[in-house]
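A.B. asks: Hey, dropping entry_10.cif in here, mmCIF, C-alpha atoms:
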data_input
loop_
_atom_site.label_atom_id
_atom_site.label_comp_id
_atom_site.auth_asym_id
_atom_site.auth_seq_id
_atom_site.Cartn_x
_atom_site.Cartn_y
_atom_site.Cartn_z
CA MET Q 661 92.68 48.84 56.04
CA PRO Q 662 90.10 49.87 58.71
CA ARG Q 663 89.45 53.60 58.99
CA GLN Q 664 90.68 53.64 62.62
CA ALA Q 665 94.02 52.28 61.50
CA LYS Q 666 94.28 54.93 58.78
CA GLN Q 667 93.69 57.71 61.31
CA ALA Q 668 96.23 56.23 63.69
CA ASP Q 669 98.89 56.07 60.96
CA ARG Q 670 98.42 59.54 59.57
CA SER Q 671 100.87 62.22 60.72
CA LEU Q 672 100.19 65.93 60.91
CA PRO Q 673 102.60 68.60 59.66
CA GLU Q 674 104.85 70.16 62.27
CA ARG Q 675 103.61 73.74 61.79
CA THR Q 676 100.21 74.90 62.98
CA LEU Q 677 98.82 78.32 62.04
CA ILE Q 678 96.24 79.76 64.43
CA LEU Q 679 93.88 82.38 62.96
CA ASP Q 680 91.46 84.23 65.20
CA ASN Q 681 89.76 85.79 62.19
CA GLY Q 682 88.15 88.86 63.72
CA ALA Q 683 86.20 91.52 61.84
CA HIS Q 684 88.64 94.31 62.76
CA THR Q 685 91.94 92.44 63.10
CA ILE Q 686 93.23 88.95 62.41
CA LYS Q 687 95.15 87.51 65.34
CA ALA Q 688 97.59 85.18 63.60
CA GLY Q 689 100.72 83.23 64.39
CA PHE Q 690 102.35 79.83 64.53
CA ALA Q 691 102.23 77.63 67.61
CA SER Q 692 105.60 77.22 69.31
CA ASP Q 693 107.17 75.99 72.53
CA SER Q 694 108.40 79.49 73.39
CA PRO Q 695 107.73 80.51 77.02
CA ASP Q 696 106.61 83.93 75.76
CA THR Q 697 103.95 82.66 73.36
CA GLU Q 698 102.20 86.02 73.17
CA LYS Q 699 105.02 87.42 71.00
CA ASP Q 700 104.17 84.82 68.35
CA CYS Q 701 100.76 86.43 67.85
CA HIS Q 702 100.56 89.19 65.22
CA LEU Q 703 97.70 91.64 64.70
CA ILE Q 704 96.79 92.10 61.03
CA PRO Q 705 94.08 94.57 59.96
CA ASN Q 706 91.30 92.53 58.38
CA SER Q 707 90.39 95.09 55.75
CA ILE Q 708 91.18 96.50 52.34
CA ALA Q 709 91.44 100.28 52.51
CA ARG Q 710 91.36 102.98 49.86
CA ALA Q 711 93.06 106.27 50.67
CA ARG Q 712 92.04 109.65 49.34
CA ASP Q 713 94.93 109.52 46.87
CA LYS Q 714 93.25 106.35 45.43
CA ARG Q 715 96.00 104.07 46.72
CA VAL Q 716 94.80 100.66 47.96
CA TRP Q 717 96.19 99.13 51.15
CA ILE Q 718 95.68 95.42 51.86
CA GLY Q 719 95.75 93.98 55.38
CA GLY Q 720 99.15 94.36 57.01
CA GLN Q 721 100.22 97.02 54.51
CA LEU Q 722 98.26 99.51 56.62
CA GLU Q 723 101.12 99.42 59.15
CA HIS Q 724 103.12 101.53 56.68
CA CYS Q 725 100.33 103.98 55.90
CA LYS Q 726 100.89 107.55 57.16
CA ASP Q 727 97.73 109.27 55.91
CA PHE Q 728 94.41 107.85 57.16
CA GLY Q 729 92.38 110.91 56.22
CA GLU Q 730 89.02 110.05 54.59
CA MET Q 731 90.11 106.45 54.20
CA ALA Q 732 87.39 104.02 53.12
CA PHE Q 733 87.47 100.47 54.51
CA ARG Q 734 86.12 97.28 52.98
CA ARG Q 735 85.88 94.43 55.49
CA PRO Q 736 85.33 90.77 54.50
CA VAL Q 737 83.68 90.03 57.86
CA GLU Q 738 80.25 91.59 58.40
CA LYS Q 739 78.21 91.18 61.57
CA GLY Q 740 80.76 88.63 62.72
CA TYR Q 741 80.49 86.33 59.70
CA LEU Q 742 82.96 85.91 56.86
CA VAL Q 743 80.87 86.78 53.80
CA ASN Q 744 83.42 88.09 51.29
CA TRP Q 745 86.05 85.49 50.43
CA GLU Q 746 87.24 87.54 47.48
CA GLY Q 747 88.51 90.22 49.83
CA GLU Q 748 89.65 87.77 52.53
CA ARG Q 749 91.68 85.84 49.99
CA GLU Q 750 93.64 88.98 49.09
CA ILE Q 751 94.36 89.69 52.77
CA TRP Q 752 95.41 86.10 53.52
CA CYS Q 753 97.64 85.94 50.44
CA ASN Q 754 99.32 89.19 51.42
CA SER Q 755 99.84 87.98 54.99
CA PHE Q 756 100.64 84.28 54.61
CA PHE Q 757 101.35 83.16 51.06
CA ASP Q 758 103.17 85.94 49.17
CA ASP Q 759 106.96 85.77 48.96
CA ASP Q 760 107.38 88.78 51.25
CA ALA Q 761 104.65 87.77 53.72
CA LYS Q 762 105.54 88.21 57.39
CA LEU Q 763 103.98 84.84 58.30
CA LYS Q 764 104.78 83.00 55.08
CA CYS Q 765 103.84 79.34 55.06
CA ASP Q 766 103.18 76.45 52.69
CA PRO Q 767 99.54 75.52 53.33
CA ARG Q 768 100.16 71.95 52.11
CA GLU Q 769 102.56 71.55 55.04
CA THR Q 770 100.55 73.47 57.62
CA ASN Q 771 97.70 72.73 60.03
CA LEU Q 772 95.13 75.49 60.46
CA ILE Q 773 93.01 76.41 63.50
CA LEU Q 774 90.34 78.91 62.40
CA THR Q 775 87.73 80.66 64.53
CA GLU Q 776 84.20 81.65 63.54
CA ALA Q 777 81.23 83.34 65.19
CA PRO Q 778 78.58 81.19 66.92
CA ASN Q 779 75.55 80.05 64.91
CA ALA Q 780 77.14 80.76 61.56
CA PRO Q 781 74.88 79.84 58.60
CA ALA Q 782 75.65 76.40 57.17
CA ALA Q 783 76.18 77.87 53.69
CA LEU Q 784 78.97 80.12 54.99
CA GLN Q 785 80.59 77.21 56.83
CA THR Q 786 80.52 75.04 53.71
CA ASN Q 787 82.00 77.85 51.66
CA CYS Q 788 84.76 78.24 54.26
CA ASP Q 789 85.60 74.51 54.15
CA GLN Q 790 85.80 74.66 50.37
CA MET Q 791 88.18 77.62 50.42
CA ILE Q 792 90.46 76.04 53.02
CA PHE Q 793 90.83 72.69 51.27
CA GLU Q 794 90.18 73.43 47.60
CA GLU Q 795 91.56 76.96 47.17
CA PHE Q 796 94.38 77.12 49.75
CA GLU Q 797 94.88 73.33 50.13
CA PHE Q 798 95.79 73.30 53.82
CA ALA Q 799 96.93 69.89 55.05
CA SER Q 800 94.35 69.87 57.86
CA TYR Q 801 92.23 72.30 59.80
CA TYR Q 802 89.98 72.73 62.79
CA ARG Q 803 87.10 75.21 62.64
CA CYS Q 804 85.54 76.26 65.94
CA ILE Q 805 83.92 79.25 67.61
CA GLY Q 806 86.48 81.53 69.19
CA ALA Q 807 85.06 81.24 72.71
CA SER Q 808 85.89 77.52 72.96
CA LEU Q 809 89.63 78.17 72.55
CA ASN Q 810 89.69 80.29 75.71
CA ALA Q 811 89.04 77.17 77.79
CA TYR Q 812 92.56 75.94 76.95
CA ASN Q 813 94.20 78.90 78.69
CA ASP Q 814 95.48 78.99 82.25
CA ILE Q 815 92.20 80.21 83.76
CA PRO Q 816 93.10 79.66 87.47
CA ALA Q 817 96.10 81.97 87.13
CA LEU Q 818 93.75 84.85 86.22
CA PHE Q 819 92.13 84.52 89.63
CA ASP Q 820 95.51 84.39 91.45
CA ASN Q 821 95.18 80.65 92.00
CA PRO Q 822 98.06 78.21 91.44
CA PRO Q 823 98.62 77.96 87.67
CA ARG Q 824 97.70 74.83 85.77
CA PRO Q 825 100.65 72.61 84.79
CA SER Q 826 101.48 73.02 81.12
CA ALA Q 827 100.52 69.39 80.50
CA ASN Q 828 96.98 70.14 81.73
CA LEU Q 829 96.46 72.98 79.25
CA ALA Q 830 95.63 70.37 76.63
CA SER Q 831 92.37 69.68 78.45
CA PRO Q 832 89.84 72.53 78.76
CA VAL Q 833 88.63 73.88 82.09
CA GLU Q 834 85.45 72.38 83.43
CA ALA Q 835 83.19 75.46 83.50
CA LEU Q 836 83.67 78.92 82.04
CA LEU Q 837 81.41 81.85 81.20
CA LEU Q 838 83.08 83.70 78.33
CA ILE Q 839 82.06 87.25 77.36
CA ASP Q 840 83.58 88.41 74.08
CA SER Q 841 82.99 92.09 73.26
CA GLY Q 842 84.55 92.65 69.87
CA PHE Q 843 84.19 94.75 66.74
CA SER Q 844 80.89 93.37 65.42
CA HIS Q 845 78.99 92.36 68.55
CA THR Q 846 79.19 91.15 72.14
CA ILE Q 847 78.58 87.45 72.76
CA VAL Q 848 78.04 85.54 76.02
CA THR Q 849 79.03 81.86 75.76
CA PRO Q 850 78.83 79.31 78.60
CA LEU Q 851 81.40 76.53 78.16
CA LEU Q 852 81.38 73.07 79.74
CA HIS Q 853 84.63 71.14 79.29
CA GLY Q 854 85.48 73.50 76.43
CA ARG Q 855 82.24 72.84 74.53
CA PRO Q 856 79.75 75.71 74.12
CA VAL Q 857 76.22 75.27 75.38
CA GLN Q 858 74.52 76.27 72.13
CA SER Q 859 71.09 77.00 73.58
CA ALA Q 860 72.58 79.39 76.15
CA ILE Q 861 74.63 81.54 73.77
CA ARG Q 862 73.36 85.12 73.74
CA ARG Q 863 74.35 87.99 71.48
CA LEU Q 864 74.21 91.75 71.99
CA ASP Q 865 74.35 93.57 68.64
CA ILE Q 866 76.68 96.28 69.90
CA GLY Q 867 80.42 96.14 69.33
CA GLY Q 868 83.32 98.41 68.56
CA LYS Q 869 82.02 99.31 65.10
CA PHE Q 870 78.66 100.44 66.49
CA LEU Q 871 80.35 102.54 69.17
CA THR Q 872 82.70 104.20 66.69
CA ASN Q 873 79.80 105.08 64.40
CA TYR Q 874 77.87 106.55 67.32
CA LEU Q 875 80.87 108.66 68.32
CA LYS Q 876 81.18 109.86 64.71
CA GLU Q 877 77.58 111.06 64.80
CA LEU Q 878 77.99 112.88 68.12
CA VAL Q 879 81.20 114.61 67.06
CA SER Q 880 79.80 115.51 63.64
CA ILE Q 881 76.85 117.26 65.30
CA ARG Q 882 78.84 119.06 67.99
CA HIS Q 883 82.25 119.72 66.43
CA TYR Q 884 83.29 118.80 62.88
CA ASN Q 885 81.95 116.56 60.16
CA MET Q 886 83.77 113.30 60.91
CA MET Q 887 81.50 110.86 59.09
CA ASP Q 888 84.31 109.96 56.65
CA GLU Q 889 87.02 109.74 59.32
CA THR Q 890 86.41 106.19 60.57
CA HIS Q 891 90.02 105.45 61.46
CA LEU Q 892 90.54 108.71 63.34
CA MET Q 893 87.30 108.38 65.32
CA ASN Q 894 88.21 104.82 66.26
CA GLU Q 895 91.54 106.08 67.60
CA ILE Q 896 89.80 108.84 69.56
CA LYS Q 897 87.33 106.33 71.00
CA GLU Q 898 90.13 104.07 72.21
CA ALA Q 899 92.07 107.01 73.66
CA VAL Q 900 89.41 108.96 75.56
CA CYS Q 901 86.36 106.80 76.28
CA TYR Q 902 85.68 105.14 79.63
CA VAL Q 903 82.82 103.33 81.33
CA SER Q 904 81.19 105.45 84.01
CA HIS Q 905 80.30 104.02 87.42
CA ASP Q 906 77.96 106.97 88.06
CA PHE Q 907 76.43 107.78 84.71
CA LYS Q 908 73.85 110.24 86.00
CA GLY Q 909 76.40 112.06 88.13
CA ASP Q 910 78.94 112.35 85.34
CA LEU Q 911 76.24 113.55 82.96
CA GLU Q 912 75.22 116.30 85.38
CA ARG Q 913 78.81 117.45 85.83
CA THR Q 914 79.35 117.80 82.09
CA TRP Q 915 75.99 119.36 81.18
CA LYS Q 916 74.77 121.32 84.20
CA GLY Q 917 77.86 122.10 86.25
CA ASN Q 918 80.07 125.14 86.00
CA ALA Q 919 83.84 125.04 85.55
CA SER Q 920 84.48 124.30 89.24
CA ASP Q 921 82.03 121.39 89.21
CA ARG Q 922 83.91 119.77 86.33
CA GLN Q 923 87.03 119.50 88.50
CA LYS Q 924 85.27 117.33 91.07
CA PRO Q 925 86.56 113.72 91.26
CA ARG Q 926 85.01 111.46 88.67
CA SER Q 927 83.28 108.26 89.73
CA ASP Q 928 86.44 106.17 89.16
CA GLY Q 929 88.81 108.55 90.92
CA GLU Q 930 90.05 110.78 88.09
CA THR Q 931 89.38 114.49 88.19
CA ASP Q 932 88.73 115.84 84.71
CA ILE Q 933 85.87 114.61 82.58
CA VAL Q 934 86.28 117.20 79.86
CA VAL Q 935 89.47 116.71 77.84
CA ASP Q 936 90.99 118.01 74.64
CA TYR Q 937 92.05 115.72 71.82
CA VAL Q 938 94.74 117.17 69.57
CA LEU Q 939 94.03 115.99 66.05
CA PRO Q 940 96.77 114.30 64.02
CA ASP Q 941 98.56 116.14 61.26
CA TYR Q 942 98.90 113.72 58.37
CA ASN Q 943 101.11 116.17 56.45
CA THR Q 944 103.83 116.09 59.10
CA HIS Q 945 103.00 112.52 60.27
CA LYS Q 946 102.23 113.80 63.75
CA ALA Q 947 99.96 111.50 65.78
CA GLY Q 948 96.95 112.70 67.72
CA TYR Q 949 96.83 112.60 71.50
CA MET Q 950 94.65 113.45 74.50
CA ARG Q 951 95.50 116.19 76.97
CA PRO Q 952 93.74 117.90 79.91
CA HIS Q 953 91.19 120.49 78.92
CA ASP Q 954 92.45 124.08 78.97
CA PRO Q 955 89.50 126.53 79.07
CA SER Q 956 91.83 129.52 78.70
CA LEU Q 957 93.14 128.16 75.39
CA SER Q 958 89.61 127.81 74.07
CA GLY Q 959 88.92 131.40 75.06
CA LYS Q 960 91.99 132.66 73.22
CA LEU Q 961 90.97 130.79 70.08
CA LYS Q 962 87.48 132.27 70.19
CA LYS Q 963 88.99 135.74 70.35
CA LEU Q 964 90.92 134.89 67.21
CA GLY Q 965 87.61 134.17 65.52
CA SER Q 966 87.81 130.39 65.19
CA ALA Q 967 87.04 127.38 67.31
CA THR Q 968 90.37 125.77 66.53
CA GLY Q 969 93.93 126.80 65.91
CA SER Q 970 96.89 125.25 64.21
CA VAL Q 971 100.59 124.94 64.72
CA GLY Q 972 101.03 127.86 62.37
CA ASP Q 973 98.45 130.09 64.09
CA ALA Q 974 99.98 131.61 67.22
CA GLY Q 975 101.40 128.25 68.23
CA PHE Q 976 98.01 126.57 68.55
CA GLU Q 977 97.05 123.11 67.32
CA ASN Q 978 93.87 121.66 65.88
CA PHE Q 979 91.90 120.00 68.65
CA MET Q 980 88.40 119.16 69.78
CA THR Q 981 86.97 119.28 73.28
CA LEU Q 982 85.20 116.12 74.44
CA GLY Q 983 82.92 115.91 77.47
CA ASN Q 984 80.07 113.48 77.95
CA GLU Q 985 80.97 111.75 74.67
CA ARG Q 986 83.68 110.01 76.68
CA PHE Q 987 81.24 107.89 78.69
CA THR Q 988 77.92 108.04 76.79
CA VAL Q 989 79.43 106.01 73.93
CA PRO Q 990 80.54 102.93 75.96
CA GLU Q 991 77.35 103.23 78.02
CA LEU Q 992 75.47 101.68 75.08
CA LEU Q 993 76.94 98.29 76.04
CA PHE Q 994 75.04 98.49 79.31
CA SER Q 995 72.01 100.51 78.14
CA PRO Q 996 71.23 99.86 74.45
CA GLY Q 997 67.87 101.53 74.96
CA ASP Q 998 69.65 104.91 74.99
CA VAL Q 999 69.67 104.75 71.18
CA GLY Q 1000 66.35 102.97 70.81
CA MET Q 1001 67.63 99.38 70.57
CA LYS Q 1002 65.18 96.85 71.97
CA GLN Q 1003 67.85 94.72 73.59
CA ALA Q 1004 68.88 94.17 77.19
CA GLY Q 1005 72.16 95.50 78.55
CA LEU Q 1006 75.20 93.28 78.92
CA ALA Q 1007 74.55 92.27 82.52
CA GLU Q 1008 70.97 91.29 81.71
CA VAL Q 1009 72.19 89.32 78.68
CA VAL Q 1010 74.51 87.37 80.98
CA MET Q 1011 71.60 86.47 83.25
CA GLN Q 1012 69.46 85.47 80.24
CA SER Q 1013 72.21 83.07 79.25
CA LEU Q 1014 72.42 81.58 82.74
CA GLN Q 1015 68.67 81.05 82.97
CA VAL Q 1016 68.89 78.47 80.18
CA LEU Q 1017 71.32 76.39 82.27
CA PRO Q 1018 70.44 74.22 85.27
CA THR Q 1019 70.66 76.27 88.47
CA GLY Q 1020 73.27 73.84 89.75
CA LEU Q 1021 75.73 75.22 87.18
CA TRP Q 1022 75.23 78.86 88.07
CA SER Q 1023 77.79 78.90 90.87
CA ALA Q 1024 80.51 77.41 88.67
CA MET Q 1025 79.77 79.80 85.83
CA LEU Q 1026 79.56 82.96 87.93
CA ALA Q 1027 82.81 82.07 89.68
CA ASN Q 1028 84.62 81.87 86.32
CA VAL Q 1029 83.57 84.85 84.21
CA ILE Q 1030 86.24 85.82 81.67
CA VAL Q 1031 85.88 88.97 79.57
CA VAL Q 1032 87.85 89.31 76.32
CA GLY Q 1033 87.75 91.51 73.22
CA GLY Q 1034 88.84 95.02 72.33
CA ASN Q 1035 86.00 96.82 74.15
CA VAL Q 1036 87.22 95.41 77.46
CA LYS Q 1037 90.07 97.93 77.31
CA PHE Q 1038 87.69 100.75 78.23
CA ALA Q 1039 88.66 101.95 81.71
CA GLY Q 1040 86.08 100.79 84.26
CA PHE Q 1041 84.47 98.18 81.99
CA VAL Q 1042 85.13 95.11 84.14
CA GLU Q 1043 84.27 96.86 87.42
CA ARG Q 1044 80.95 98.14 86.05
CA LEU Q 1045 80.04 94.74 84.59
CA GLU Q 1046 80.84 92.96 87.85
CA ALA Q 1047 78.75 95.43 89.86
CA GLU Q 1048 75.73 95.04 87.58
CA ILE Q 1049 75.91 91.24 87.48
CA ARG Q 1050 76.27 91.18 91.26
CA SER Q 1051 73.02 93.14 91.61
CA LEU Q 1052 71.18 90.56 89.45
CA ALA Q 1053 72.82 87.26 90.46
CA PRO Q 1054 71.77 85.17 93.48
CA ALA Q 1055 73.39 86.41 96.67
CA ASP Q 1056 74.70 82.95 97.60
CA CYS Q 1057 76.76 82.66 94.40
CA VAL Q 1058 80.38 83.77 94.37
CA LEU Q 1059 81.00 86.17 91.49
CA ARG Q 1060 84.44 86.58 89.95
CA VAL Q 1061 84.89 88.66 86.80
CA VAL Q 1062 88.35 89.07 85.35
CA THR Q 1063 90.04 90.03 82.11
CA PRO Q 1064 93.48 88.85 80.93
CA VAL Q 1065 96.42 91.19 80.48
CA ASP Q 1066 95.83 91.25 76.71
CA PRO Q 1067 92.13 90.57 76.08
CA VAL Q 1068 92.59 90.85 72.30
CA LYS Q 1069 95.12 88.02 71.97
CA TYR Q 1070 93.69 85.73 74.66
CA THR Q 1071 91.61 83.61 72.30
CA TRP Q 1072 94.64 83.10 70.06
CA LEU Q 1073 96.73 82.02 73.06
CA GLY Q 1074 94.16 79.33 73.85
CA GLY Q 1075 94.46 78.05 70.30
CA ALA Q 1076 98.25 77.98 70.65
CA ASN Q 1077 97.95 75.86 73.80
CA LEU Q 1078 95.65 73.47 71.98
CA ALA Q 1079 97.99 73.24 68.99
CA ASN Q 1080 100.97 72.39 71.19
CA ASN Q 1081 99.29 69.15 72.24
CA ARG Q 1082 99.63 67.09 69.09
CA ALA Q 1083 97.59 64.14 70.33
CA VAL Q 1084 94.53 66.26 71.13
CA LEU Q 1085 94.86 68.30 67.94
CA LYS Q 1086 95.08 65.12 65.87
CA ASP Q 1087 91.66 64.00 67.12
CA MET Q 1088 90.05 67.35 66.32
CA VAL Q 1089 91.32 68.33 62.90
CA VAL Q 1090 89.99 67.27 59.53
CA THR Q 1091 92.64 66.44 56.94
CA ARG Q 1092 92.38 67.37 53.29
CA GLN Q 1093 92.29 63.67 52.51
CA ASP Q 1094 89.25 63.26 54.78
CA TYR Q 1095 87.53 66.19 53.11
CA MET Q 1096 88.14 64.91 49.59
CA GLU Q 1097 86.95 61.45 50.61
CA HIS Q 1098 83.84 62.30 52.64
CA GLY Q 1099 82.81 65.78 51.53
CA SER Q 1100 81.61 68.91 53.33
CA GLY Q 1101 78.63 67.20 55.00
CA TRP Q 1102 80.90 64.93 56.99
CA VAL Q 1103 83.10 67.91 57.92
CA ALA Q 1104 80.05 69.77 59.24
CA LYS Q 1105 79.28 66.86 61.56
CA LYS Q 1106 82.89 66.71 62.69
CA PHE Q 1107 82.83 70.35 63.72
CA VAL Q 1108 79.36 70.37 65.23
CA CYS Q 1109 78.98 72.63 68.25
CA GLY Q 1110 82.60 73.69 68.05
CA SER Q 1111 83.96 70.31 69.14
CA GLY Q 1112 86.12 67.82 67.35
CA THR Q 1113 83.83 64.91 68.04
CA PRO Q 1114 81.36 63.74 65.39
CA ARG Q 1115 77.69 63.91 66.24
#
Step by step, read the file and then write its structure as structure tokens.

C.D. replies:
Amino acid sequence: MPRQAKQADRSLPERTLILDNGAHTIKAGFASDSPDTEKDCHLIPNSIARARDKRVWIGGQLEHCKDFGEMAFRRPVEKGYLVNWEGEREIWCNSFFDDDAKLKCDPRETNLILTEAPNAPAALQTNCDQMIFEEFEFASYYRCIGASLNAYNDIPALFDNPPRPSANLASPVEALLLIDSGFSHTIVTPLLHGRPVQSAIRRLDIGGKFLTNYLKELVSIRHYNMMDETHLMNEIKEAVCYVSHDFKGDLERTWKGNASDRQKPRSDGETDIVVDYVLPDYNTHKAGYMRPHDPSLSGKLKKLGSATGSVGDAGFENFMTLGNERFTVPELLFSPGDVGMKQAGLAEVVMQSLQVLPTGLWSAMLANVIVVGGNVKFAGFVERLEAEIRSLAPADCVLRVVTPVDPVKYTWLGGANLANNRAVLKDMVVTRQDYMEHGSGWVAKKFVCGSGTPR
């Protein structure tokens, strides 16, 4: 029988598992026809952690952990690439294959859509294909860079345009400039008809992990030794940090100004730059939180002879006061040179990417800039990025920069839209039968450049 006839006759399993396999969290879920697709996406920590009591927590088990003090994390994904399948296998088994797994599935009856970072080494891709088909034995799968899945979302609706009909979500948007600022790095990817322009992809080696480590160093110098408190410092970063629109002005108010100067309106409209962060109490399972800075409280504590108090000491709690740390940490995304990195800021990286493209495409790209990833949640991030790109881009080009309601799950949602169109998915995936018949070299050609079309 001709190969075309074989492909036409084959049928895919009904269930499709979408895995946006990030370095910090796995965005996972099954495609469905539910109108509220976002609820089908689950966030699973992509790590194996060891607590100070020597207990080991794997992936989703961390949701039940109450004591994150001095917790050590081992992550299978390093610098954006999946390099430790031994650890990843444990996390996947705990999340998808064990009897009590929240997203339990039979891989032999499941299609898989799996994301990877751009320009992954061929050896890592081959190893991934082998694990999917030989170890887990998925029925079929599609491996692509995460940015390409965003093109299957309802992009016009983000710009308050009429939404795309659901039938049209199976075809990617024509032009899209995707900026993904995640845990390992920040990547700029131009997409044409859902296919990445490989030569124009640019990477900034600063992500959430880098920012958390920088905050740990600042706090360890100025307050307490927090070098072993990765989880806590990540929570503090997410709670208090923001992107300044007037970096020099905010720096002057926190370093040179007196108490009255610190109450002047901040560049984005808020009043207080200096805040207090009440540290969590793992013994009583009390979470940490941010509150306005109270100079009088700090004075009382100093009179007691310590920089901090506790619930048992005169009603005080353990806290730390944070000032310019709030905005100097996210500033590294726009000014990597502040810590000696010889890389351009994010806005300059965007322009470097555009300069590889024909100038005729610039207008379409700049009019459709989508920003996703966990770092986008910093207050003021999108506004600062848009202002800096506007200062560098041609004046005759319309610039629109927008972020979805949930920038962390947006890539997964694009994969869910793709999976819901069976005809399109059927042309993109590689079945286990194909892999066993043709080998990993043929699979590499099938997935070239993140598309489902052979070279």

A.B. asks: I'd like to know which of Q:Phe793, Q:Phe1041, Q:Tyr949, Q:Trp1102 is closest to Thr1063 in chain Q, using only C-alpha atoms.

C.D. replies: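 Distance minimum relative to Thr1063 in chain Q lands on Q:Phe1041.
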
A.B. asks: Starting from the shown file, work through the PyMOL selection byres ((chain Q and resi 935) around 12) and note down what comes out as number ranges by chain.

C.D. replies: Q: 896, 899-901, 914, 922-923, 930-934, 936-938, 949-955, 958, 979-986

A.B. asks: Just the residues within 10 Å of Ala782 in chain Q, please, counting only C-alpha atoms, with nothing from its chain fewer than 5 positions along; format it as a list in words.

C.D. replies: Asn787, Cys788, Gly1101 and Ala1104 of chain Q

A.B. asks: I need the residues from that last selection saved to file as a compact mmCIF listing (two decimals), in the frame of the given file (with C-alpha atoms), if you can.

C.D. replies:
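Written file, out16.txt:
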# COMPACT_ATOMS: atom_id res chain seq x y z
CA ASN Q 787 82.00 77.85 51.66
CA CYS Q 788 84.76 78.24 54.26
CA GLY Q 1101 78.63 67.20 55.00
CA ALA Q 1104 80.05 69.77 59.24

A.B. asks: Point out the residue among Q:Asn771, Q:Asn821, Q:Ser831, Q:Asn706 with the least atom-to-atom distance to Asn1077 in chain Q, counting all atoms listed in the file.

C.D. replies: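 Selected residue with least distance to Asn1077 in chain Q: Q:Ser831.
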
A.B. asks: Determine the residue set returned by the PyMOL selection byres ((chain Q and resi 879) around 12) for the present structure, and present it as a ChimeraX atom specification.

C.D. replies: /Q:872-878,880-890,892-893,896-897,937,980-986,989

A.B. asks: The selected residues should be written to file as a PDB file, keeping the file's coordinate frame (atoms: C-alpha atoms).

C.D. replies:
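Resulting contents of out.pdb:
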ATOM      1  CA  THR Q 872      82.700 104.200  66.690  1.00  0.00           C
ATOM      2  CA  ASN Q 873      79.800 105.080  64.400  1.00  0.00           C
ATOM      3  CA  TYR Q 874      77.870 106.550  67.320  1.00  0.00           C
ATOM      4  CA  LEU Q 875      80.870 108.660  68.320  1.00  0.00           C
ATOM      5  CA  LYS Q 876      81.180 109.860  64.710  1.00  0.00           C
ATOM      6  CA  GLU Q 877      77.580 111.060  64.800  1.00  0.00           C
ATOM      7  CA  LEU Q 878      77.990 112.880  68.120  1.00  0.00           C
ATOM      8  CA  SER Q 880      79.800 115.510  63.640  1.00  0.00           C
ATOM      9  CA  ILE Q 881      76.850 117.260  65.300  1.00  0.00           C
ATOM     10  CA  ARG Q 882      78.840 119.060  67.990  1.00  0.00           C
ATOM     11  CA  HIS Q 883      82.250 119.720  66.430  1.00  0.00           C
ATOM     12  CA  TYR Q 884      83.290 118.800  62.880  1.00  0.00           C
ATOM     13  CA  ASN Q 885      81.950 116.560  60.160  1.00  0.00           C
ATOM     14  CA  MET Q 886      83.770 113.300  60.910  1.00  0.00           C
ATOM     15  CA  MET Q 887      81.500 110.860  59.090  1.00  0.00           C
ATOM     16  CA  ASP Q 888      84.310 109.960  56.650  1.00  0.00           C
ATOM     17  CA  GLU Q 889      87.020 109.740  59.320  1.00  0.00           C
ATOM     18  CA  THR Q 890      86.410 106.190  60.570  1.00  0.00           C
ATOM     19  CA  LEU Q 892      90.540 108.710  63.340  1.00  0.00           C
ATOM     20  CA  MET Q 893      87.300 108.380  65.320  1.00  0.00           C
ATOM     21  CA  ILE Q 896      89.800 108.840  69.560  1.00  0.00           C
ATOM     22  CA  LYS Q 897      87.330 106.330  71.000  1.00  0.00           C
ATOM     23  CA  TYR Q 937      92.050 115.720  71.820  1.00  0.00           C
ATOM     24  CA  MET Q 980      88.400 119.160  69.780  1.00  0.00           C
ATOM     25  CA  THR Q 981      86.970 119.280  73.280  1.00  0.00           C
ATOM     26  CA  LEU Q 982      85.200 116.120  74.440  1.00  0.00           C
ATOM     27  CA  GLY Q 983      82.920 115.910  77.470  1.00  0.00           C
ATOM     28  CA  ASN Q 984      80.070 113.480  77.950  1.00  0.00           C
ATOM     29  CA  GLU Q 985      80.970 111.750  74.670  1.00  0.00           C
ATOM     30  CA  ARG Q 986      83.680 110.010  76.680  1.00  0.00           C
ATOM     31  CA  VAL Q 989      79.430 106.010  73.930  1.00  0.00           C
TER      32      VAL Q 989
END

A.B. asks: Within 8 Å of (97.1, 81.5, 71.5), in the coordinates the file gives, what residues turn up when you count all atoms listed in the file, written out as a list in words?

C.D. replies: Ile678, Ala691, Thr697, Glu698, Cys701, Lys1069, Tyr1070, Thr1071, Trp1072, Leu1073, Gly1074, Gly1075, Ala1076 and Asn1077 of chain Q

A.B. asks: Applied to this file, what does the PyMOL selection byres ((chain Q and resi 762) around 12) return in terms of residues, put as an MDAnalysis selection string?

C.D. replies: chainID Q and resid 688:690 700:704 719:721 752:761 763:765

A.B. asks: Take CA of Leu851 in chain Q and CA of Leu679 in chain Q and report the distance between them in Å, one decimal.

C.D. replies: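 Value for the CA of Leu851 in chain Q-CA of Leu679 in chain Q distance: 20.5 Å.
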
A.B. asks: One decimal, Å: what's the distance from CA of Asp1094 in chain Q over to CA of Lys1106 in chain Q, could you say?

C.D. replies: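 We find that CA of Asp1094 in chain Q and CA of Lys1106 in chain Q lie 10.7 Å from each other.
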
A.B. asks: Between CA of Pro822 in chain Q and CA of Asp696 in chain Q, what distance in Å does the model show, to one decimal?

C.D. replies: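 Between CA of Pro822 in chain Q and CA of Asp696 in chain Q the gap works out to 18.8 Å.
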